[in-house]
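Note sheet for the following structure.
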Amino acid sequence: EEEGGGPATAGGVDTGASGTTGGPARAVNKCPAWYDNALHYWDKCPPTVDGVLGGYGVLTTADVIGSTAFLADLRKLRPTLGSSTAVDCGAGIGRVAKHFLLPNFDEVHLLEQSPPLIAAAPKYLGKKDLARSKLLCMGMQSFDPPPRSYDVVWVQWVIGHLTDADLVTFLRRCVAALKPGGVICVKDNTYNGDTKEDGTEELFFVDRDDSSVTRSHKYMEAIFEYAGMEVALSREQEGFPEELFPVPMYALVSAENPEHA
């Protein structure tokens, strides 16, 4: 499940489909075939950085630099943001955890539903980093962490595997799991759709190979608002090849209580 297929080219995928939508509420969250297909896809993925990033392992340095700078600015904006515990959602073999989260947090939980990928995490992390890590083998659609568990919920290149309804409920569960001052950070591909002849705008792109959907920036913001989230900080990742979809980073807090979480 690591990173929702990772970076993707803006040209799309041959097996996909694009279109408009009536909004987040239309999704159905009981989709076992959708999730089973994604799990099957990632179970066959080579447990390497290149494997989980679809051949784009070279992006790791720029990716980590961008995420680290984003977190640093987020800490300036939210001085109460702690550095105790973070969770890496769609962790795969632990690429984000090893190079970004573990250098910035005391403890990191790796959430990954593919057994072959998370089985490769201990070796990839190494003994020292593994000692500060906890491995959780489950999908985000089933993840229900205890209240006040995390300073940061980091969700990178993976939300496309969740249906709209499951993404909304996932965000609501995660915001309840934040410690005071905590945030949910989403870093993912966004779809720049064309305007159709009838004037409607394409808002998403579906890849049926791995059961993922790439949403537009406008669509993502609608999902966040529907989930009761407020964007505290956002920025686009720099230094990625032009052929890839844009990759923004969003720091989300509760719209009802933004100072707390």
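In the structure tokens, the first chain shown is A, the next is B, and so on; residue numbers restart at 1 for each chain, and ligands run from 1 in the order shown.
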Requested in this report: Would you list the contacts of Gly90 of chain A as a PyMOL selection string, taking every protein, DNA or RNA residue within 10 Å and counting only C-alpha atoms, but skipping same-chain residues closer than 2 positions in sequence?
Outcome: chain A and resi 1-4+87-88+92-94+96+110-114+118+137-140+154-159+161
Query - Selection near Lys123 of chain A, 12 Å with only C-alpha atoms, sequence-local residues under 6 positions removed, as a PyMOL selection string - result: chain A and resi 47-48+93-95+98+117+129-131
Report task. For His99 of chain A, work out the shell of residues within 12 Å, counting only C-alpha atoms and skipping chain neighbours fewer than 2 positions away, then give it as a list in words. Result ->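 So, after excluding close chain neighbours, the residues are Val49, Thr60, Thr61, Ala62, Asp63, Val64, Ile65, Gly66, Ser67, Thr68, Asp88, Ala91, Ile93, Gly94, Arg95, Val96, Ala97, Leu101, Leu102, Pro103, Asn104, Phe105, Val108, Tyr124, Leu125, Gly126 and Asp129 of chain A.
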Residue selection dump (C-alpha atoms) as a CSV table (one decimal), in the first residue's frame:
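Listing of part_24.csv after writing:
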```csv
chain,number,residue,atom,x,y,z
A,49,VAL,CA,12.6,1.8,-2.7
A,60,THR,CA,13.8,10.2,-2.2
A,61,THR,CA,16.4,13.0,-1.5
A,62,ALA,CA,14.2,15.8,-2.9
A,63,ASP,CA,11.1,14.2,-1.2
A,64,VAL,CA,12.8,14.2,2.2
A,65,ILE,CA,14.1,17.7,1.9
A,66,GLY,CA,10.7,19.0,1.0
A,67,SER,CA,8.9,17.2,3.8
A,68,THR,CA,11.6,18.3,6.4
A,88,ASP,CA,3.5,6.7,8.8
A,91,ALA,CA,4.4,2.9,5.2
A,93,ILE,CA,9.1,-0.9,3.7
A,94,GLY,CA,9.6,2.2,5.8
A,95,ARG,CA,11.1,4.7,3.4
A,96,VAL,CA,9.4,7.8,4.8
A,97,ALA,CA,9.8,6.5,8.4
A,101,LEU,CA,10.0,10.7,10.4
A,102,LEU,CA,12.5,8.9,12.6
A,103,PRO,CA,15.0,11.7,12.5
A,104,ASN,CA,12.2,14.1,13.7
A,105,PHE,CA,10.2,12.0,16.2
A,108,VAL,CA,7.2,6.1,14.7
A,124,TYR,CA,15.3,-1.7,5.7
A,125,LEU,CA,15.1,0.3,9.0
A,126,GLY,CA,18.0,-1.4,10.7
A,129,ASP,CA,15.7,2.6,14.0
```
Report task. Compile the contact shell of Gln141 of chain A as an NGL selection string: residues with an atom at most 8 Å away, counting only C-alpha atoms, same-chain residues fewer than 4 positions apart removed. Result -> :A and (162 or 166-167 or 170)
Go ahead and write the selection's residues with N, CA and C atoms as a PDB file, in the first residue's frame.
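The new file again21.pdb reads:
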```
ATOM      1  N   LEU A 162      -8.149   4.972  -0.783  1.00  0.00           N
ATOM      2  CA  LEU A 162      -9.375   5.034  -0.002  1.00  0.00           C
ATOM      3  C   LEU A 162     -10.510   5.627  -0.833  1.00  0.00           C
ATOM      4  N   ASP A 166     -14.530   6.497   2.923  1.00  0.00           N
ATOM      5  CA  ASP A 166     -13.543   5.948   3.851  1.00  0.00           C
ATOM      6  C   ASP A 166     -12.451   6.964   4.171  1.00  0.00           C
ATOM      7  N   LEU A 167     -12.112   7.808   3.217  1.00  0.00           N
ATOM      8  CA  LEU A 167     -11.125   8.852   3.478  1.00  0.00           C
ATOM      9  C   LEU A 167     -11.663   9.855   4.498  1.00  0.00           C
ATOM     10  N   PHE A 170     -11.658   8.153   7.861  1.00  0.00           N
ATOM     11  CA  PHE A 170     -10.263   7.994   8.289  1.00  0.00           C
ATOM     12  C   PHE A 170      -9.738   9.305   8.880  1.00  0.00           C
TER      13      PHE A 170
END
```
**Report entry** Every residue of segment 131-251 of chain A that DSSP places in alpha helix (DSSP H), as JSON, numbers by chain
**Finding:** {"A": [164, 165, 166, 167, 168, 169, 170, 171, 172, 173, 174, 175, 176, 217, 218, 219, 220, 221, 222, 223, 224, 225, 226]}
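Checking A:Pro258, A:Ala72, A:Pro147, A:Asp207 one by one against Tyr41 of chain A, counting only C-alpha atoms, you find the shortest gap at A:Asp207.
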Report task. Identify, with DSSP run on backbone atoms, the residues in segment 116-185 of chain A assigned to strand (DSSP E or B), and express the list as a list in words. Result ->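 Listing strand (DSSP E or B) positions across segment 116-185 of chain A yields Ser133, Lys134, Leu135, Leu136, Tyr150, Asp151, Val152, Val153, Trp154, Val155, Gln156, Leu178, Lys179, Pro180, Gly181, Gly182, Val183, Ile184 and Cys185 of chain A.
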Write the residues of the preceding selection, restricted to N, CA, C and O atoms, as a CSV table (one decimal), in the first residue's frame.
```
chain,number,residue,atom,x,y,z
A,133,SER,N,10.5,1.9,16.5
A,133,SER,CA,9.4,1.8,15.6
A,133,SER,C,8.4,0.7,16.1
A,133,SER,O,8.8,-0.2,16.8
A,134,LYS,N,7.2,0.8,15.6
A,134,LYS,CA,6.1,-0.2,15.8
A,134,LYS,C,5.5,-0.5,14.5
A,134,LYS,O,5.1,0.4,13.8
A,135,LEU,N,5.4,-1.8,14.2
A,135,LEU,CA,4.8,-2.2,12.9
A,135,LEU,C,3.4,-2.6,13.0
A,135,LEU,O,3.0,-3.4,13.9
A,136,LEU,N,2.5,-2.0,12.2
A,136,LEU,CA,1.0,-2.2,12.3
A,136,LEU,C,0.6,-2.7,10.9
A,136,LEU,O,0.6,-1.9,9.9
A,150,TYR,N,-0.9,10.6,18.7
A,150,TYR,CA,0.1,11.0,17.8
A,150,TYR,C,0.2,12.5,17.7
A,150,TYR,O,-0.8,13.3,17.8
A,151,ASP,N,1.5,13.0,17.6
A,151,ASP,CA,1.7,14.4,17.3
A,151,ASP,C,1.5,14.6,15.8
A,151,ASP,O,0.9,15.7,15.5
A,152,VAL,N,1.9,13.7,15.0
A,152,VAL,CA,1.7,13.9,13.5
A,152,VAL,C,1.2,12.5,12.9
A,152,VAL,O,1.8,11.5,13.2
A,153,VAL,N,0.2,12.6,12.1
A,153,VAL,CA,-0.3,11.5,11.3
A,153,VAL,C,0.2,11.9,9.9
A,153,VAL,O,-0.3,12.8,9.3
A,154,TRP,N,1.2,11.2,9.4
A,154,TRP,CA,1.8,11.5,8.1
A,154,TRP,C,1.2,10.5,7.0
A,154,TRP,O,1.3,9.3,7.2
A,155,VAL,N,0.5,11.0,6.0
A,155,VAL,CA,-0.1,10.2,5.0
A,155,VAL,C,0.4,10.6,3.6
A,155,VAL,O,0.0,11.6,3.1
A,156,GLN,N,1.3,9.7,3.1
A,156,GLN,CA,1.9,10.1,1.8
A,156,GLN,C,1.7,9.1,0.7
A,156,GLN,O,2.0,7.9,0.9
A,178,LEU,N,-5.1,12.8,17.6
A,178,LEU,CA,-4.0,13.8,17.7
A,178,LEU,C,-3.8,14.2,19.2
A,178,LEU,O,-4.8,14.5,19.9
A,179,LYS,N,-2.6,14.4,19.5
A,179,LYS,CA,-2.2,15.1,20.8
A,179,LYS,C,-2.5,16.6,20.6
A,179,LYS,O,-2.6,17.1,19.5
A,180,PRO,N,-2.6,17.3,21.7
A,180,PRO,CA,-2.7,18.8,21.6
A,180,PRO,C,-1.7,19.4,20.7
A,180,PRO,O,-0.5,19.1,20.9
A,181,GLY,N,-2.1,20.2,19.8
A,181,GLY,CA,-1.2,20.8,18.8
A,181,GLY,C,-0.8,20.0,17.7
A,181,GLY,O,-0.1,20.4,16.8
A,182,GLY,N,-1.3,18.7,17.6
A,182,GLY,CA,-1.0,17.8,16.6
A,182,GLY,C,-1.7,18.1,15.2
A,182,GLY,O,-2.6,18.9,15.2
A,183,VAL,N,-1.2,17.5,14.2
A,183,VAL,CA,-1.7,17.7,12.8
A,183,VAL,C,-1.7,16.4,12.0
A,183,VAL,O,-1.0,15.4,12.3
A,184,ILE,N,-2.5,16.4,11.0
A,184,ILE,CA,-2.5,15.4,10.0
A,184,ILE,C,-1.9,16.0,8.8
A,184,ILE,O,-2.3,17.0,8.3
A,185,CYS,N,-0.9,15.3,8.2
A,185,CYS,CA,-0.2,15.8,7.0
A,185,CYS,C,-0.5,14.9,5.9
A,185,CYS,O,-0.2,13.7,6.0
```
Report task. Quote the spacing between atom CA of Gly57 of chain A and atom CA of Gly82 of chain A in Å to one decimal place. Result ->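 Taking atom CA of Gly57 of chain A and atom CA of Gly82 of chain A, their separation equals 29.6 Å.
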Report summary line: In Å and to one decimal, atom CA of Thr214 of chain A is distant from atom CA of Ala227 of chain A by 18.1 Å
Report task. Go through A:Leu74, A:Cys31, A:Leu53, A:Leu59 one by one, measure the shortest atom-to-atom distance of each to Gly239 of chain A using only C-alpha atoms, and give the residue with the smallest value. Result -> A:Leu59
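Minimum distance to Gly228 of chain A across A:Phe240, A:Gly199, A:Tyr191, A:Val175 (counting only C-alpha atoms) occurs at A:Val175.
The spacing separating atom CA of Val231 of chain A from atom CA of Arg172 of chain A amounts to 14.1 Å.
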Query - Distance criterion (only C-alpha atoms): nearest to Glu238 of chain A out of A:Ala86, A:Cys45, A:Ala69, A:Ala38 - result: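 Using only C-alpha atoms, the shortest distance to Glu238 of chain A belongs to A:Ala69.
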**Report entry** Residue nearest Asp164 of chain A - candidates A:Ser254, A:Asn37, A:Ser83, A:Ser212, atoms counted: only C-alpha atoms
**Finding:**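 For Asp164 of chain A, the nearest of the given residues is A:Ser212.
Closest approach to Leu171 of chain A among A:Thr85, A:Ser216, A:Ser142, A:Thr200: A:Ser142, based on only C-alpha atoms.
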Find the spatial neighbours of Ala177 of chain A, counting only C-alpha atoms, within a cut-off of 6 Å - ignore same-chain residues fewer than 2 positions away - and output them as a compact mmCIF listing (two decimals) with N, CA and C atoms, in the first residue's frame.
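Now in result_14.txt:
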```
# COMPACT_ATOMS: atom_id res chain seq x y z
N PRO A 145 -6.99 4.54 15.74
CA PRO A 145 -6.05 4.73 16.84
C PRO A 145 -6.70 5.33 18.08
N PRO A 146 -6.14 5.07 19.26
CA PRO A 146 -6.67 5.63 20.50
C PRO A 146 -6.56 7.16 20.52
N PRO A 147 -7.39 7.82 21.30
CA PRO A 147 -7.31 9.29 21.42
C PRO A 147 -5.93 9.73 21.91
N ARG A 148 -5.51 10.87 21.41
CA ARG A 148 -4.25 11.50 21.83
C ARG A 148 -3.05 10.57 21.69
N SER A 149 -2.96 9.91 20.56
CA SER A 149 -1.86 8.96 20.32
C SER A 149 -0.68 9.59 19.60
N CYS A 174 -8.55 10.03 12.72
CA CYS A 174 -7.17 10.47 12.98
C CYS A 174 -7.12 11.78 13.75
N VAL A 175 -8.03 12.70 13.45
CA VAL A 175 -7.99 13.97 14.17
C VAL A 175 -8.32 13.75 15.64
```
